[in-house]
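What follows is the content of input-v6.pdb, which has PDB, C-alpha atoms, pLDDT in the B column:
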ATOM      1  CA  MET B 695     110.215 106.631  73.486  1.00 79.00           C
ATOM      2  CA  ASP B 696     106.922 105.367  74.867  1.00 93.00           C
ATOM      3  CA  GLU B 697     106.173 105.095  78.597  1.00 94.00           C
ATOM      4  CA  TYR B 698     106.655 101.328  78.740  1.00 94.00           C
ATOM      5  CA  THR B 699     110.069 101.461  77.072  1.00 95.00           C
ATOM      6  CA  ALA B 700     111.167 104.318  79.333  1.00 94.00           C
ATOM      7  CA  PHE B 701     110.002 102.384  82.396  1.00 95.00           C
ATOM      8  CA  VAL B 702     111.867  99.197  81.392  1.00 95.00           C
ATOM      9  CA  LYS B 703     115.060 101.161  80.657  1.00 96.00           C
ATOM     10  CA  ALA B 704     114.827 102.975  84.022  1.00 95.00           C
ATOM     11  CA  LEU B 705     114.260  99.644  85.761  1.00 95.00           C
ATOM     12  CA  GLY B 706     117.416  98.326  84.095  1.00 96.00           C
ATOM     13  CA  LYS B 707     119.433 101.291  85.362  1.00 96.00           C
ATOM     14  CA  ARG B 708     118.193 100.761  88.905  1.00 96.00           C
ATOM     15  CA  LEU B 709     118.877  97.030  88.634  1.00 96.00           C
ATOM     16  CA  LYS B 710     122.458  97.679  87.524  1.00 97.00           C
ATOM     17  CA  ALA B 711     123.057 100.184  90.327  1.00 96.00           C
ATOM     18  CA  MET B 712     121.656  97.824  92.965  1.00 96.00           C
ATOM     19  CA  ARG B 713     123.661  94.880  91.641  1.00 95.00           C
ATOM     20  CA  LYS B 714     126.847  96.935  91.757  1.00 97.00           C
ATOM     21  CA  GLU B 715     126.000  98.123  95.271  1.00 95.00           C
ATOM     22  CA  ALA B 716     125.726  94.443  96.228  1.00 94.00           C
ATOM     23  CA  ALA B 717     129.238  93.982  94.740  1.00 96.00           C
ATOM     24  CA  MET B 718     128.136  91.294  92.288  1.00 95.00           C
ATOM     25  CA  THR B 719     129.254  90.840  88.703  1.00 97.00           C
ATOM     26  CA  GLN B 720     126.732  90.311  85.943  1.00 97.00           C
ATOM     27  CA  ASP B 721     127.982  86.725  85.590  1.00 97.00           C
ATOM     28  CA  ALA B 722     127.619  85.963  89.297  1.00 96.00           C
ATOM     29  CA  PHE B 723     124.214  87.611  89.600  1.00 97.00           C
ATOM     30  CA  ALA B 724     122.831  85.889  86.498  1.00 96.00           C
ATOM     31  CA  ASP B 725     124.075  82.562  87.847  1.00 96.00           C
ATOM     32  CA  HIS B 726     122.477  83.291  91.232  1.00 93.00           C
ATOM     33  CA  LEU B 727     119.158  83.948  89.473  1.00 94.00           C
ATOM     34  CA  GLY B 728     119.498  80.809  87.356  1.00 94.00           C
ATOM     35  CA  MET B 729     119.651  82.550  83.996  1.00 95.00           C
ATOM     36  CA  SER B 730     122.222  83.150  81.304  1.00 96.00           C
ATOM     37  CA  LYS B 731     124.372  86.254  81.423  1.00 97.00           C
ATOM     38  CA  SER B 732     122.959  87.365  78.072  1.00 96.00           C
ATOM     39  CA  ALA B 733     119.396  87.200  79.425  1.00 95.00           C
ATOM     40  CA  TYR B 734     120.384  89.154  82.521  1.00 96.00           C
ATOM     41  CA  VAL B 735     122.244  91.797  80.498  1.00 97.00           C
ATOM     42  CA  GLY B 736     119.049  92.314  78.495  1.00 97.00           C
ATOM     43  CA  TYR B 737     117.275  93.314  81.706  1.00 97.00           C
ATOM     44  CA  GLU B 738     119.993  95.754  82.741  1.00 97.00           C
ATOM     45  CA  HIS B 739     119.977  97.368  79.308  1.00 97.00           C
ATOM     46  CA  GLY B 740     116.197  97.558  79.248  1.00 95.00           C
ATOM     47  CA  TRP B 741     115.925  95.443  76.107  1.00 96.00           C
ATOM     48  CA  HIS B 742     113.204  93.344  77.734  1.00 93.00           C
ATOM     49  CA  ALA B 743     111.306  93.207  81.008  1.00 93.00           C
ATOM     50  CA  MET B 744     111.463  90.615  83.752  1.00 93.00           C
ATOM     51  CA  ASN B 745     108.451  88.505  84.494  1.00 93.00           C
ATOM     52  CA  VAL B 746     106.925  88.671  87.961  1.00 94.00           C
ATOM     53  CA  TRP B 747     108.783  85.605  89.241  1.00 94.00           C
ATOM     54  CA  GLN B 748     112.153  86.971  88.057  1.00 93.00           C
ATOM     55  CA  LEU B 749     111.356  90.300  89.666  1.00 95.00           C
ATOM     56  CA  ARG B 750     110.600  88.582  92.976  1.00 95.00           C
ATOM     57  CA  GLN B 751     113.795  86.500  92.813  1.00 95.00           C
ATOM     58  CA  THR B 752     115.830  89.610  91.974  1.00 96.00           C
ATOM     59  CA  CYS B 753     114.430  91.581  94.896  1.00 96.00           C
ATOM     60  CA  GLU B 754     115.110  88.714  97.280  1.00 96.00           C
ATOM     61  CA  ALA B 755     118.662  88.280  95.965  1.00 95.00           C
ATOM     62  CA  LEU B 756     119.402  91.990  96.338  1.00 95.00           C
ATOM     63  CA  GLY B 757     117.547  92.350  99.630  1.00 95.00           C
ATOM     64  CA  VAL B 758     115.456  95.228  98.287  1.00 94.00           C
ATOM     65  CA  ASP B 759     111.777  96.034  98.201  1.00 94.00           C
ATOM     66  CA  ALA B 760     110.062  95.664  94.818  1.00 94.00           C
ATOM     67  CA  ASN B 761     108.835  99.260  95.061  1.00 94.00           C
ATOM     68  CA  ASP B 762     112.437 100.457  95.235  1.00 93.00           C
ATOM     69  CA  LEU B 763     113.518  98.375  92.258  1.00 94.00           C
ATOM     70  CA  LEU B 764     110.469  99.455  90.260  1.00 93.00           C
ATOM     71  CA  GLY B 765     110.971 103.107  91.178  1.00 92.00           C
ATOM     72  CA  LEU B 766     107.635 103.326  92.977  1.00 91.00           C
ATOM     73  CA  ASP B 767     108.964 104.541  96.316  1.00 71.00           C
ATOM     74  CA  GLY B 768     108.125 108.162  95.532  1.00 63.00           C
ATOM     75  CA  ALA B 769     111.759 109.288  95.629  1.00 51.00           C
ATOM     76  CA  ASP B 770     113.101 111.122  92.624  1.00 47.00           C
ATOM     77  CA  ASP B 771     116.222 109.079  91.965  1.00 50.00           C
ATOM     78  CA  GLY B 772     116.797 110.696  88.578  1.00 49.00           C
ATOM     79  CA  VAL B 773     116.439 107.323  86.879  1.00 48.00           C
ATOM     80  CA  GLY B 774     112.836 107.536  85.806  1.00 46.00           C
ATOM     81  CA  GLY B 775     110.064 106.835  88.252  1.00 43.00           C
ATOM     82  CA  MET B 776     106.510 106.896  86.996  1.00 42.00           C
ATOM     83  CA  GLU B 777     105.112 110.391  86.655  1.00 42.00           C
ATOM     84  CA  GLY B 778     101.707 111.337  87.932  1.00 39.00           C
ATOM     85  CA  GLU B 779     101.648 108.897  90.831  1.00 35.00           C
TER      86      GLU B 779
END

Go ahead and render the structure in this file as C-alpha cells.
Amino acid sequence: MDEYTAFVKALGKRLKAMRKEAAMTQDAFADHLGMSKSAYVGYEHGWHAMNVWQLRQTCEALGVDANDLLGLDGADDGVGGMEGE
C-alpha cells in the first residue's frame, strides 16, 4: 500500500472514531454535511479522500482541529500518522 492510500485509510478510521464519539450515525452525519450516505461511507472506508471544503465542514461539525483529524498532532494514536514529521 502506498503512502497516500495508507494516509486516506487512516484518516477514514479517525473520522469514524470521531463521528462515533460525537454519537452520530453515518446517515445523520452525511445529512449534516450535505452529502449522500454512500459518499460519506467512502470517506470512512478510505476509498476516496475529502476535498478541502469537505474537510473543513467535517472538522467544524465534529468540533475538532484539522490536525487531529489528519493525524498531524504528533500523537501516536495507532491509526497511522505520517512518519518522519

Just the residues within 7 Å of Leu763 of chain B, please, counting only C-alpha atoms, with nothing from its chain fewer than 3 positions along; format it as a list in words.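 My list of contacting residues is Leu705, Arg708, Leu709, Asp759 and Ala760 of chain B.
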
List the residues matched by the PyMOL selection byres ((chain B and resi 719-729) around 12) in the displayed structure as a JSON list (two decimals) with C-alpha atoms, in the coordinates of the input, ordered by chain and then by residue number.
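Output contents, as saved in expr-v4.json:
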[["chain", "number", "residue", "atom", "x", "y", "z"],
["B", 709, "LEU", "CA", 118.88, 97.03, 88.63],
["B", 710, "LYS", "CA", 122.46, 97.68, 87.52],
["B", 711, "ALA", "CA", 123.06, 100.18, 90.33],
["B", 712, "MET", "CA", 121.66, 97.82, 92.96],
["B", 713, "ARG", "CA", 123.66, 94.88, 91.64],
["B", 714, "LYS", "CA", 126.85, 96.94, 91.76],
["B", 715, "GLU", "CA", 126.00, 98.12, 95.27],
["B", 716, "ALA", "CA", 125.73, 94.44, 96.23],
["B", 717, "ALA", "CA", 129.24, 93.98, 94.74],
["B", 718, "MET", "CA", 128.14, 91.29, 92.29],
["B", 730, "SER", "CA", 122.22, 83.15, 81.30],
["B", 731, "LYS", "CA", 124.37, 86.25, 81.42],
["B", 732, "SER", "CA", 122.96, 87.36, 78.07],
["B", 733, "ALA", "CA", 119.40, 87.20, 79.42],
["B", 734, "TYR", "CA", 120.38, 89.15, 82.52],
["B", 735, "VAL", "CA", 122.24, 91.80, 80.50],
["B", 736, "GLY", "CA", 119.05, 92.31, 78.50],
["B", 737, "TYR", "CA", 117.28, 93.31, 81.71],
["B", 738, "GLU", "CA", 119.99, 95.75, 82.74],
["B", 739, "HIS", "CA", 119.98, 97.37, 79.31],
["B", 744, "MET", "CA", 111.46, 90.62, 83.75],
["B", 747, "TRP", "CA", 108.78, 85.60, 89.24],
["B", 748, "GLN", "CA", 112.15, 86.97, 88.06],
["B", 749, "LEU", "CA", 111.36, 90.30, 89.67],
["B", 750, "ARG", "CA", 110.60, 88.58, 92.98],
["B", 751, "GLN", "CA", 113.80, 86.50, 92.81],
["B", 752, "THR", "CA", 115.83, 89.61, 91.97],
["B", 753, "CYS", "CA", 114.43, 91.58, 94.90],
["B", 754, "GLU", "CA", 115.11, 88.71, 97.28],
["B", 755, "ALA", "CA", 118.66, 88.28, 95.96],
["B", 756, "LEU", "CA", 119.40, 91.99, 96.34]]

Enter the distance from atom CA of Gly765 of chain B to atom CA of Val746 of chain B, in Å, rounded to one decimal. 15.3 Å

Between atom CA of Ala743 of chain B and atom CA of Asp767 of chain B, distance in Å (one decimal): 19.2 Å

When you draw a straight line from atom CA of Val758 of chain B to atom CA of His742 of chain B, how long is it in Å?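 Separation of atom CA of Val758 of chain B and atom CA of His742 of chain B: 20.8 Å.
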
Around (115.4, 99.7, 80.5) in the file's frame, which residues reach within 7 Å when counting only C-alpha atoms? Return as a ChimeraX atom specification? /B:699-707,737-741

Give me a file of those residues, with C-alpha atoms, as a compact mmCIF listing (two decimals), in the coordinates of the input.
# COMPACT_ATOMS: atom_id res chain seq x y z
CA THR B 699 110.07 101.46 77.07
CA ALA B 700 111.17 104.32 79.33
CA PHE B 701 110.00 102.38 82.40
CA VAL B 702 111.87 99.20 81.39
CA LYS B 703 115.06 101.16 80.66
CA ALA B 704 114.83 102.98 84.02
CA LEU B 705 114.26 99.64 85.76
CA GLY B 706 117.42 98.33 84.10
CA LYS B 707 119.43 101.29 85.36
CA TYR B 737 117.28 93.31 81.71
CA GLU B 738 119.99 95.75 82.74
CA HIS B 739 119.98 97.37 79.31
CA GLY B 740 116.20 97.56 79.25
CA TRP B 741 115.92 95.44 76.11
